[in-house]
file entry.cif (mmCIF, C-alpha atoms)
data_final
loop_
_atom_site.group_PDB
_atom_site.id
_atom_site.type_symbol
_atom_site.label_atom_id
_atom_site.label_comp_id
_atom_site.auth_asym_id
_atom_site.auth_seq_id
_atom_site.Cartn_x
_atom_site.Cartn_y
_atom_site.Cartn_z
ATOM 1 C CA MET I 1059 0.000 0.000 0.000
ATOM 2 C CA ASP I 1060 1.264 3.439 -0.899
ATOM 3 C CA THR I 1061 1.151 6.234 1.656
ATOM 4 C CA ILE I 1062 -0.580 9.468 0.723
ATOM 5 C CA GLU I 1063 2.847 11.083 0.301
ATOM 6 C CA GLN I 1064 3.941 8.353 -2.130
ATOM 7 C CA VAL I 1065 0.715 8.707 -4.104
ATOM 8 C CA TRP I 1066 1.175 12.494 -4.206
ATOM 9 C CA GLY I 1067 4.696 12.006 -5.595
ATOM 10 C CA LYS I 1068 3.566 9.457 -8.173
ATOM 11 C CA VAL I 1069 0.732 11.669 -9.395
ATOM 12 C CA PHE I 1070 2.816 14.799 -9.815
ATOM 13 C CA ASN I 1071 5.981 13.103 -11.067
ATOM 14 C CA ALA I 1072 4.322 10.817 -13.625
ATOM 15 C CA ALA I 1073 5.165 11.388 -17.270
ATOM 16 C CA GLY I 1074 2.817 13.928 -18.851
ATOM 17 C CA ALA I 1075 1.117 14.689 -15.537
ATOM 18 C CA TRP I 1076 0.584 18.430 -15.865
ATOM 19 C CA PRO I 1077 -1.136 18.562 -19.280
ATOM 20 C CA LYS I 1078 -3.480 15.724 -18.284
ATOM 21 C CA ILE I 1079 -4.265 17.317 -14.916
ATOM 22 C CA LEU I 1080 -4.883 20.660 -16.643
ATOM 23 C CA ILE I 1081 -7.302 19.069 -19.127
ATOM 24 C CA GLY I 1082 -9.148 17.358 -16.253
ATOM 25 C CA THR I 1083 -9.308 20.577 -14.264
ATOM 26 C CA CYS I 1084 -10.700 22.549 -17.210
ATOM 27 C CA LEU I 1085 -13.283 19.883 -18.080
ATOM 28 C CA SER I 1086 -14.358 19.550 -14.452
ATOM 29 C CA LEU I 1087 -15.386 23.213 -14.359
ATOM 30 C CA ILE I 1088 -18.001 22.928 -17.124
ATOM 31 C CA PRO I 1089 -21.391 21.351 -16.309
ATOM 32 C CA ILE I 1090 -22.207 18.205 -18.322
ATOM 33 C CA VAL I 1091 -18.705 18.253 -19.824
ATOM 34 C CA ASN I 1092 -17.451 17.446 -16.325
ATOM 35 C CA PHE I 1093 -18.720 13.871 -16.830
ATOM 36 C CA PHE I 1094 -15.590 13.363 -18.965
ATOM 37 C CA ALA I 1095 -13.421 14.425 -16.016
ATOM 38 C CA LEU I 1096 -15.327 12.044 -13.720
ATOM 39 C CA GLY I 1097 -14.811 9.287 -16.289
ATOM 40 C CA TYR I 1098 -11.105 10.065 -16.282
ATOM 41 C CA LEU I 1099 -10.989 9.654 -12.495
ATOM 42 C CA TYR I 1100 -12.812 6.337 -12.949
ATOM 43 C CA ARG I 1101 -10.338 5.226 -15.624
ATOM 44 C CA THR I 1102 -7.313 6.235 -13.540
ATOM 45 C CA THR I 1103 -8.497 4.342 -10.458
ATOM 46 C CA ALA I 1104 -9.265 1.298 -12.622
ATOM 47 C CA LEU I 1105 -5.633 1.296 -13.812
ATOM 48 C CA VAL I 1106 -4.371 1.505 -10.228
ATOM 49 C CA LYS I 1107 -6.781 -1.260 -9.208
ATOM 50 C CA SER I 1108 -5.366 -3.505 -11.936
ATOM 51 C CA GLY I 1109 -1.928 -3.219 -10.325
ATOM 52 C CA ALA I 1110 -0.291 -1.351 -13.189
ATOM 53 C CA PRO I 1111 2.511 1.072 -12.286
ATOM 54 C CA PHE I 1112 0.993 4.517 -11.874
ATOM 55 C CA MET I 1113 0.553 6.379 -15.115
ATOM 56 C CA PHE I 1114 -2.063 8.716 -16.439
ATOM 57 C CA PRO I 1115 -4.406 7.184 -18.994
ATOM 58 C CA GLU I 1116 -4.895 8.951 -22.281
ATOM 59 C CA TRP I 1117 -7.723 11.380 -22.872
ATOM 60 C CA ASP I 1118 -9.323 9.233 -25.576
ATOM 61 C CA ARG I 1119 -12.388 7.037 -26.150
ATOM 62 C CA TRP I 1120 -14.597 9.980 -25.191
ATOM 63 C CA LYS I 1121 -17.826 8.009 -25.300
ATOM 64 C CA ASP I 1122 -16.429 5.544 -22.740
ATOM 65 C CA LEU I 1123 -15.178 8.427 -20.595
ATOM 66 C CA PHE I 1124 -18.657 9.946 -20.560
ATOM 67 C CA THR I 1125 -20.295 6.595 -19.685
ATOM 68 C CA ASP I 1126 -17.768 5.949 -16.919
ATOM 69 C CA GLY I 1127 -18.391 9.482 -15.668
ATOM 70 C CA LEU I 1128 -22.109 8.723 -15.358
ATOM 71 C CA LYS I 1129 -21.375 5.569 -13.346
ATOM 72 C CA PHE I 1130 -19.011 7.586 -11.158
ATOM 73 C CA LEU I 1131 -21.718 10.226 -10.609
ATOM 74 C CA VAL I 1132 -24.354 7.675 -9.592
ATOM 75 C CA LEU I 1133 -22.030 6.229 -6.963
ATOM 76 C CA MET I 1134 -21.118 9.740 -5.778
ATOM 77 C CA LEU I 1135 -24.755 10.694 -5.372
ATOM 78 C CA VAL I 1136 -25.461 7.638 -3.254
ATOM 79 C CA TRP I 1137 -22.310 7.523 -1.132
ATOM 80 C CA ILE I 1138 -21.421 11.200 -0.775
ATOM 81 C CA ALA I 1139 -24.676 13.121 -1.222
ATOM 82 C CA ILE I 1140 -26.779 10.947 1.094
ATOM 83 C CA PRO I 1141 -24.318 11.166 4.045
ATOM 84 C CA MET I 1142 -24.123 14.934 3.445
ATOM 85 C CA LEU I 1143 -27.925 15.217 3.564
ATOM 86 C CA ILE I 1144 -28.017 13.177 6.779
ATOM 87 C CA GLY I 1145 -25.186 15.304 8.188
ATOM 88 C CA GLN I 1146 -27.053 18.491 7.254
ATOM 89 C CA PHE I 1147 -30.234 17.225 8.922
ATOM 90 C CA ILE I 1148 -28.358 16.362 12.134
ATOM 91 C CA SER I 1149 -26.577 19.739 11.953
ATOM 92 C CA MET I 1150 -29.925 21.528 11.822
ATOM 93 C CA ILE I 1151 -31.129 19.653 14.900
ATOM 94 C CA VAL I 1152 -27.900 20.194 16.867
ATOM 95 C CA GLY I 1153 -27.753 23.806 15.621
ATOM 96 C CA VAL I 1154 -30.883 24.584 17.597
ATOM 97 C CA VAL I 1155 -28.893 23.948 20.789
ATOM 98 C CA SER I 1156 -25.528 25.325 19.645
ATOM 99 C CA HIS I 1157 -24.761 26.978 16.337
ATOM 100 C CA GLU I 1158 -21.043 26.120 16.544
ATOM 101 C CA LEU I 1159 -21.625 22.438 17.393
ATOM 102 C CA GLY I 1160 -24.278 22.298 14.702
ATOM 103 C CA ARG I 1161 -21.630 22.521 11.989
ATOM 104 C CA ILE I 1162 -19.784 19.387 13.062
ATOM 105 C CA PRO I 1163 -22.165 16.657 11.778
ATOM 106 C CA PHE I 1164 -22.284 18.161 8.285
ATOM 107 C CA MET I 1165 -18.530 18.704 8.165
ATOM 108 C CA ALA I 1166 -17.907 15.126 9.355
ATOM 109 C CA SER I 1167 -20.253 13.732 6.724
ATOM 110 C CA ILE I 1168 -17.994 14.872 3.869
ATOM 111 C CA PRO I 1169 -14.896 12.733 4.648
ATOM 112 C CA ILE I 1170 -17.128 9.843 5.708
ATOM 113 C CA GLY I 1171 -18.993 10.035 2.394
ATOM 114 C CA ILE I 1172 -15.796 10.227 0.357
ATOM 115 C CA GLN I 1173 -14.371 7.123 2.012
ATOM 116 C CA LEU I 1174 -17.645 5.208 1.598
ATOM 117 C CA PHE I 1175 -17.750 6.292 -2.048
ATOM 118 C CA SER I 1176 -14.199 5.165 -2.739
ATOM 119 C CA ALA I 1177 -14.952 1.711 -1.255
ATOM 120 C CA SER I 1178 -18.085 1.498 -3.370
ATOM 121 C CA LEU I 1179 -16.195 2.557 -6.505
ATOM 122 C CA TYR I 1180 -13.573 -0.132 -5.905
ATOM 123 C CA ARG I 1181 -16.329 -2.718 -5.438
ATOM 124 C CA TYR I 1182 -18.107 -1.535 -8.584
ATOM 125 C CA GLN I 1183 -14.887 -1.846 -10.586
ATOM 126 C CA ASN I 1184 -14.537 -5.435 -9.342
ATOM 127 C CA PHE I 1185 -17.937 -6.586 -10.529
ATOM 128 C CA GLU I 1186 -19.363 -3.833 -12.789
ATOM 129 C CA SER I 1187 -22.568 -4.156 -10.783
ATOM 130 C CA PHE I 1188 -24.431 -1.415 -8.966
ATOM 131 C CA LYS I 1189 -25.981 -4.078 -6.746
ATOM 132 C CA ASP I 1190 -22.513 -5.038 -5.468
ATOM 133 C CA ALA I 1191 -21.484 -1.373 -5.171
ATOM 134 C CA MET I 1192 -24.528 -0.664 -2.991
ATOM 135 C CA ASP I 1193 -23.859 -3.508 -0.534
ATOM 136 C CA LEU I 1194 -24.128 -1.347 2.610
ATOM 137 C CA PRO I 1195 -22.970 -3.949 5.176
ATOM 138 C CA LEU I 1196 -19.859 -4.777 3.141
ATOM 139 C CA ILE I 1197 -19.046 -1.125 2.366
ATOM 140 C CA MET I 1198 -19.424 -0.286 6.067
ATOM 141 C CA ARG I 1199 -17.064 -3.149 7.051
ATOM 142 C CA VAL I 1200 -14.474 -1.870 4.576
ATOM 143 C CA TYR I 1201 -14.977 1.672 5.874
ATOM 144 C CA LEU I 1202 -14.516 0.633 9.513
ATOM 145 C CA ARG I 1203 -11.417 -1.407 8.645
ATOM 146 C CA THR I 1204 -9.779 1.476 6.763
ATOM 147 C CA ILE I 1205 -10.951 4.537 8.685
ATOM 148 C CA SER I 1206 -7.629 4.919 10.494
ATOM 149 C CA TYR I 1207 -5.730 4.921 7.182
ATOM 150 C CA GLY I 1208 -8.059 7.378 5.498
ATOM 151 C CA LEU I 1209 -8.695 9.906 8.243
ATOM 152 C CA LEU I 1210 -5.639 12.137 7.801
ATOM 153 C CA PRO I 1211 -5.695 12.186 3.976
ATOM 154 C CA LEU I 1212 -9.400 13.065 4.027
ATOM 155 C CA LEU I 1213 -8.958 15.771 6.636
ATOM 156 C CA GLY I 1214 -6.131 17.158 4.475
ATOM 157 C CA PHE I 1215 -8.407 16.985 1.419
ATOM 158 C CA CYS I 1216 -11.173 18.893 3.192
ATOM 159 C CA GLY I 1217 -8.675 21.339 4.731
ATOM 160 C CA ILE I 1218 -7.157 22.229 1.357
ATOM 161 C CA LEU I 1219 -10.599 22.847 -0.119
ATOM 162 C CA TRP I 1220 -11.603 24.948 2.905
ATOM 163 C CA ILE I 1221 -8.412 27.037 2.686
ATOM 164 C CA LEU I 1222 -8.945 27.636 -1.041
ATOM 165 C CA GLY I 1223 -12.511 28.787 -0.435
ATOM 166 C CA PRO I 1224 -14.208 29.791 -3.711
ATOM 167 C CA LEU I 1225 -11.113 28.717 -5.661
ATOM 168 C CA CYS I 1226 -11.491 25.125 -4.447
ATOM 169 C CA PHE I 1227 -13.144 24.177 -7.741
ATOM 170 C CA LEU I 1228 -9.791 24.692 -9.459
ATOM 171 C CA ALA I 1229 -8.143 22.060 -7.245
ATOM 172 C CA LEU I 1230 -11.035 19.631 -6.847
ATOM 173 C CA PHE I 1231 -10.081 17.403 -9.802
ATOM 174 C CA THR I 1232 -6.429 17.130 -8.761
ATOM 175 C CA ILE I 1233 -7.080 16.517 -5.075
ATOM 176 C CA SER I 1234 -9.814 14.000 -5.903
ATOM 177 C CA LEU I 1235 -7.378 12.191 -8.172
ATOM 178 C CA VAL I 1236 -4.780 11.903 -5.391
ATOM 179 C CA VAL I 1237 -7.301 10.792 -2.749
ATOM 180 C CA LEU I 1238 -8.995 8.218 -5.000
ATOM 181 C CA VAL I 1239 -5.671 6.743 -6.133
ATOM 182 C CA PHE I 1240 -4.657 6.490 -2.463
ATOM 183 C CA PHE I 1241 -7.850 4.666 -1.494
ATOM 184 C CA THR I 1242 -7.676 2.379 -4.527
ATOM 185 C CA SER I 1243 -4.132 1.449 -3.492
ATOM 186 C CA LEU I 1244 -5.357 0.834 0.059
ATOM 187 C CA TYR I 1245 -8.265 -1.399 -0.999
ATOM 188 C CA ARG I 1246 -6.011 -3.290 -3.406
ATOM 189 C CA ALA I 1247 -3.599 -3.984 -0.544
ATOM 190 C CA ILE I 1248 -6.494 -5.358 1.529
ATOM 191 C CA GLU I 1249 -7.792 -7.465 -1.362
ATOM 192 C CA PHE I 1250 -4.405 -9.061 -1.979
ATOM 193 C CA GLY I 1251 -3.558 -9.484 1.716
ATOM 194 C CA THR I 1252 -0.605 -7.091 1.861
ATOM 195 C CA LEU I 1253 -2.198 -4.961 4.574
#

call {"tool": "encode", "arguments": {"input": "entry.cif", "output": "structure tokens"}}
result
Amino acid sequence: MDTIEQVWGKVFNAAGAWPKILIGTCLSLIPIVNFFALGYLYRTTALVKSGAPFMFPEWDRWKDLFTDGLKFLVLMLVWIAIPMLIGQFISMIVGVVSHELGRIPFMASIPIGIQLFSASLYRYQNFESFKDAMDLPLIMRVYLRTISYGLLPLLGFCGILWILGPLCFLALFTISLVVLVFFTSLYRAIEFGTL
């Protein structure tokens, strides 16, 4: 399993990294077109999952990129959006008692959702089945087993986006790429018994 620092180095030192990251960043800023960027994240994690040395895939087979982006979006909506909605609901309830404490459940729901999503994405890439990717008991077991590995990278992810404020959209593609490659490496290590 690669550490987050090793993944960071691999992503930014890979051949042709900057043009491919720039294309992904630009595409991710445009509604509907951003499905291609999501598909690229899907394609990159699939390469890492296969055990290939880290390299950026080509920006080609646009129809497949778009289709993979739609799959990626469906999983995101289930595993990130739903925890955020639950977190927001709990925040509203707690916010009645204390405004400051009311922010915590929503803020905590973001890293939790991202880690659940990454486990679901890995599972989907194993079986190409939404039924398998929505297996809540299994995804929760994976989440609980890997929470200690993912906590600091996810807090860093959220911290960078918070620091960037309105400019966070410019870094979202790149940071998502690093975090998803890290989690894919982690889940691959679990699958093959090296963790």

call {"tool": "resolve_selection", "arguments": {"input": "entry.cif", "expression": "the PyMOL selection byres ((chain I and resi 1128) around 10)", "output": "list in words"}}
result
Ile1090, Asn1092, Phe1093, Phe1094, Leu1096, Gly1097, Tyr1100, Asp1122, Leu1123, Phe1124, Thr1125, Asp1126, Gly1127, Lys1129, Phe1130, Leu1131, Val1132, Leu1133 and Met1134 of chain I

call {"tool": "resolve_selection", "arguments": {"input": "entry.cif", "expression": "the PyMOL selection byres ((chain I and resi 1108) around 10)", "output": "PDB file with C-alpha atoms, in the coordinates of the input"}}
result
ATOM      1  CA  THR I1103      -8.497   4.342 -10.458  1.00  0.00           C
ATOM      2  CA  ALA I1104      -9.265   1.298 -12.622  1.00  0.00           C
ATOM      3  CA  LEU I1105      -5.633   1.296 -13.812  1.00  0.00           C
ATOM      4  CA  VAL I1106      -4.371   1.505 -10.228  1.00  0.00           C
ATOM      5  CA  LYS I1107      -6.781  -1.260  -9.208  1.00  0.00           C
ATOM      6  CA  GLY I1109      -1.928  -3.219 -10.325  1.00  0.00           C
ATOM      7  CA  ALA I1110      -0.291  -1.351 -13.189  1.00  0.00           C
ATOM      8  CA  PRO I1111       2.511   1.072 -12.286  1.00  0.00           C
ATOM      9  CA  GLN I1183     -14.887  -1.846 -10.586  1.00  0.00           C
ATOM     10  CA  ASN I1184     -14.537  -5.435  -9.342  1.00  0.00           C
ATOM     11  CA  THR I1242      -7.676   2.379  -4.527  1.00  0.00           C
ATOM     12  CA  SER I1243      -4.132   1.449  -3.492  1.00  0.00           C
ATOM     13  CA  ARG I1246      -6.011  -3.290  -3.406  1.00  0.00           C
TER      14      ARG I1246
END

call {"tool": "closest_residue", "arguments": {"input": "entry.cif", "among": "I:Met1165, I:Leu1210, I:Leu1099, I:Cys1216", "to": "Thr1083 of chain I", "atoms": "all atoms listed in the file"}}
result
I:Leu1099

call {"tool": "closest_residue", "arguments": {"input": "entry.cif", "among": "I:Phe1188, I:Trp1220, I:Tyr1180, I:Tyr1207", "to": "Ile1168 of chain I", "atoms": "only C-alpha atoms"}}
result
I:Trp1220

call {"tool": "resolve_selection", "arguments": {"input": "entry.cif", "expression": "the PyMOL selection byres ((chain I and resi 1237) around 10)", "output": "MDAnalysis selection string"}}
result
chainID I and resid 1062 1065:1066 1172:1173 1176 1208 1211:1212 1214:1215 1232:1236 1238:1243

call {"tool": "write_last_selection", "arguments": {"input": "entry.cif", "atoms": "C-alpha atoms", "output": "short mmCIF file (atom, residue, chain, number, x, y, z; two decimals), in the coordinates of the input"}}
result
data_model
loop_
_atom_site.label_atom_id
_atom_site.label_comp_id
_atom_site.auth_asym_id
_atom_site.auth_seq_id
_atom_site.Cartn_x
_atom_site.Cartn_y
_atom_site.Cartn_z
CA ILE I 1062 -0.58 9.47 0.72
CA VAL I 1065 0.72 8.71 -4.10
CA TRP I 1066 1.18 12.49 -4.21
CA ILE I 1172 -15.80 10.23 0.36
CA GLN I 1173 -14.37 7.12 2.01
CA SER I 1176 -14.20 5.16 -2.74
CA GLY I 1208 -8.06 7.38 5.50
CA PRO I 1211 -5.70 12.19 3.98
CA LEU I 1212 -9.40 13.06 4.03
CA GLY I 1214 -6.13 17.16 4.47
CA PHE I 1215 -8.41 16.98 1.42
CA THR I 1232 -6.43 17.13 -8.76
CA ILE I 1233 -7.08 16.52 -5.08
CA SER I 1234 -9.81 14.00 -5.90
CA LEU I 1235 -7.38 12.19 -8.17
CA VAL I 1236 -4.78 11.90 -5.39
CA LEU I 1238 -8.99 8.22 -5.00
CA VAL I 1239 -5.67 6.74 -6.13
CA PHE I 1240 -4.66 6.49 -2.46
CA PHE I 1241 -7.85 4.67 -1.49
CA THR I 1242 -7.68 2.38 -4.53
CA SER I 1243 -4.13 1.45 -3.49
#

call {"tool": "closest_residue", "arguments": {"input": "entry.cif", "among": "I:Ile1218, I:Ile1197, I:Val1069, I:Ile1248", "to": "Gly1171 of chain I", "atoms": "all atoms listed in the file"}}
result
I:Ile1197

call {"tool": "closest_residue", "arguments": {"input": "entry.cif", "among": "I:Leu1228, I:Leu1244, I:Leu1196, I:Leu1209", "to": "Ile1081 of chain I", "atoms": "only C-alpha atoms"}}
result
I:Leu1228

call {"tool": "closest_residue", "arguments": {"input": "entry.cif", "among": "I:Ser1149, I:Ser1156, I:Thr1102, I:Gln1064", "to": "Lys1078 of chain I", "atoms": "all atoms listed in the file"}}
result
I:Thr1102

call {"tool": "decode", "arguments": {"input": "entry.cif", "residues": "segment 1071-1102 of chain I", "atoms": "N, CA and C atoms", "output": "JSON list (two decimals), in the first residue's frame"}}
result
[["chain", "number", "residue", "atom", "x", "y", "z"],
["I", 1071, "ASN", "N", 4.73, 13.39, -10.37],
["I", 1071, "ASN", "CA", 5.98, 13.10, -11.07],
["I", 1071, "ASN", "C", 5.80, 12.15, -12.25],
["I", 1072, "ALA", "N", 4.58, 11.72, -12.50],
["I", 1072, "ALA", "CA", 4.32, 10.82, -13.62],
["I", 1072, "ALA", "C", 4.55, 11.56, -14.94],
["I", 1073, "ALA", "N", 4.94, 10.80, -15.95],
["I", 1073, "ALA", "CA", 5.17, 11.39, -17.27],
["I", 1073, "ALA", "C", 3.87, 12.02, -17.79],
["I", 1074, "GLY", "N", 3.97, 13.23, -18.26],
["I", 1074, "GLY", "CA", 2.82, 13.93, -18.85],
["I", 1074, "GLY", "C", 1.74, 14.31, -17.86],
["I", 1075, "ALA", "N", 2.11, 14.42, -16.58],
["I", 1075, "ALA", "CA", 1.12, 14.69, -15.54],
["I", 1075, "ALA", "C", 0.41, 16.03, -15.72],
["I", 1076, "TRP", "N", 1.18, 17.09, -15.90],
["I", 1076, "TRP", "CA", 0.58, 18.43, -15.86],
["I", 1076, "TRP", "C", -0.40, 18.70, -16.99],
["I", 1077, "PRO", "N", -0.11, 18.33, -18.25],
["I", 1077, "PRO", "CA", -1.14, 18.56, -19.28],
["I", 1077, "PRO", "C", -2.42, 17.78, -19.02],
["I", 1078, "LYS", "N", -2.29, 16.55, -18.53],
["I", 1078, "LYS", "CA", -3.48, 15.72, -18.28],
["I", 1078, "LYS", "C", -4.28, 16.25, -17.09],
["I", 1079, "ILE", "N", -3.58, 16.71, -16.07],
["I", 1079, "ILE", "CA", -4.27, 17.32, -14.92],
["I", 1079, "ILE", "C", -4.95, 18.61, -15.34],
["I", 1080, "LEU", "N", -4.29, 19.40, -16.17],
["I", 1080, "LEU", "CA", -4.88, 20.66, -16.64],
["I", 1080, "LEU", "C", -6.14, 20.41, -17.47],
["I", 1081, "ILE", "N", -6.10, 19.42, -18.34],
["I", 1081, "ILE", "CA", -7.30, 19.07, -19.13],
["I", 1081, "ILE", "C", -8.43, 18.67, -18.19],
["I", 1082, "GLY", "N", -8.13, 17.80, -17.21],
["I", 1082, "GLY", "CA", -9.15, 17.36, -16.25],
["I", 1082, "GLY", "C", -9.72, 18.51, -15.44],
["I", 1083, "THR", "N", -8.85, 19.42, -15.03],
["I", 1083, "THR", "CA", -9.31, 20.58, -14.26],
["I", 1083, "THR", "C", -10.25, 21.44, -15.10],
["I", 1084, "CYS", "N", -9.86, 21.71, -16.34],
["I", 1084, "CYS", "CA", -10.70, 22.55, -17.21],
["I", 1084, "CYS", "C", -12.04, 21.89, -17.49],
["I", 1085, "LEU", "N", -12.03, 20.59, -17.80],
["I", 1085, "LEU", "CA", -13.28, 19.88, -18.08],
["I", 1085, "LEU", "C", -14.17, 19.80, -16.85],
["I", 1086, "SER", "N", -13.56, 19.69, -15.67],
["I", 1086, "SER", "CA", -14.36, 19.55, -14.45],
["I", 1086, "SER", "C", -15.11, 20.82, -14.08],
["I", 1087, "LEU", "N", -14.74, 21.94, -14.68],
["I", 1087, "LEU", "CA", -15.39, 23.21, -14.36],
["I", 1087, "LEU", "C", -16.65, 23.48, -15.17],
["I", 1088, "ILE", "N", -16.89, 22.67, -16.21],
["I", 1088, "ILE", "CA", -18.00, 22.93, -17.12],
["I", 1088, "ILE", "C", -19.09, 21.88, -16.90],
["I", 1089, "PRO", "N", -20.31, 22.32, -16.52],
["I", 1089, "PRO", "CA", -21.39, 21.35, -16.31],
["I", 1089, "PRO", "C", -21.61, 20.48, -17.55],
["I", 1090, "ILE", "N", -21.99, 19.27, -17.34],
["I", 1090, "ILE", "CA", -22.21, 18.20, -18.32],
["I", 1090, "ILE", "C", -20.87, 17.72, -18.90],
["I", 1091, "VAL", "N", -20.03, 18.63, -19.32],
["I", 1091, "VAL", "CA", -18.71, 18.25, -19.82],
["I", 1091, "VAL", "C", -17.89, 17.63, -18.69],
["I", 1092, "ASN", "N", -18.21, 17.99, -17.45],
["I", 1092, "ASN", "CA", -17.45, 17.45, -16.32],
["I", 1092, "ASN", "C", -17.62, 15.93, -16.17],
["I", 1093, "PHE", "N", -18.60, 15.33, -16.85],
["I", 1093, "PHE", "CA", -18.72, 13.87, -16.83],
["I", 1093, "PHE", "C", -17.47, 13.22, -17.43],
["I", 1094, "PHE", "N", -16.83, 13.90, -18.39],
["I", 1094, "PHE", "CA", -15.59, 13.36, -18.97],
["I", 1094, "PHE", "C", -14.48, 13.34, -17.90],
["I", 1095, "ALA", "N", -14.42, 14.38, -17.09],
["I", 1095, "ALA", "CA", -13.42, 14.42, -16.02],
["I", 1095, "ALA", "C", -13.70, 13.34, -14.98],
["I", 1096, "LEU", "N", -14.98, 13.11, -14.65],
["I", 1096, "LEU", "CA", -15.33, 12.04, -13.72],
["I", 1096, "LEU", "C", -14.95, 10.69, -14.31],
["I", 1097, "GLY", "N", -15.19, 10.52, -15.61],
["I", 1097, "GLY", "CA", -14.81, 9.29, -16.29],
["I", 1097, "GLY", "C", -13.31, 9.07, -16.26],
["I", 1098, "TYR", "N", -12.56, 10.16, -16.34],
["I", 1098, "TYR", "CA", -11.10, 10.07, -16.28],
["I", 1098, "TYR", "C", -10.64, 9.61, -14.90],
["I", 1099, "LEU", "N", -11.29, 10.12, -13.85],
["I", 1099, "LEU", "CA", -10.99, 9.65, -12.49],
["I", 1099, "LEU", "C", -11.30, 8.16, -12.38],
["I", 1100, "TYR", "N", -12.42, 7.75, -12.94],
["I", 1100, "TYR", "CA", -12.81, 6.34, -12.95],
["I", 1100, "TYR", "C", -11.75, 5.51, -13.66],
["I", 1101, "ARG", "N", -11.32, 5.95, -14.81],
["I", 1101, "ARG", "CA", -10.34, 5.23, -15.62],
["I", 1101, "ARG", "C", -8.99, 5.14, -14.90],
["I", 1102, "THR", "N", -8.59, 6.23, -14.25],
["I", 1102, "THR", "CA", -7.31, 6.24, -13.54],
["I", 1102, "THR", "C", -7.34, 5.26, -12.37]]
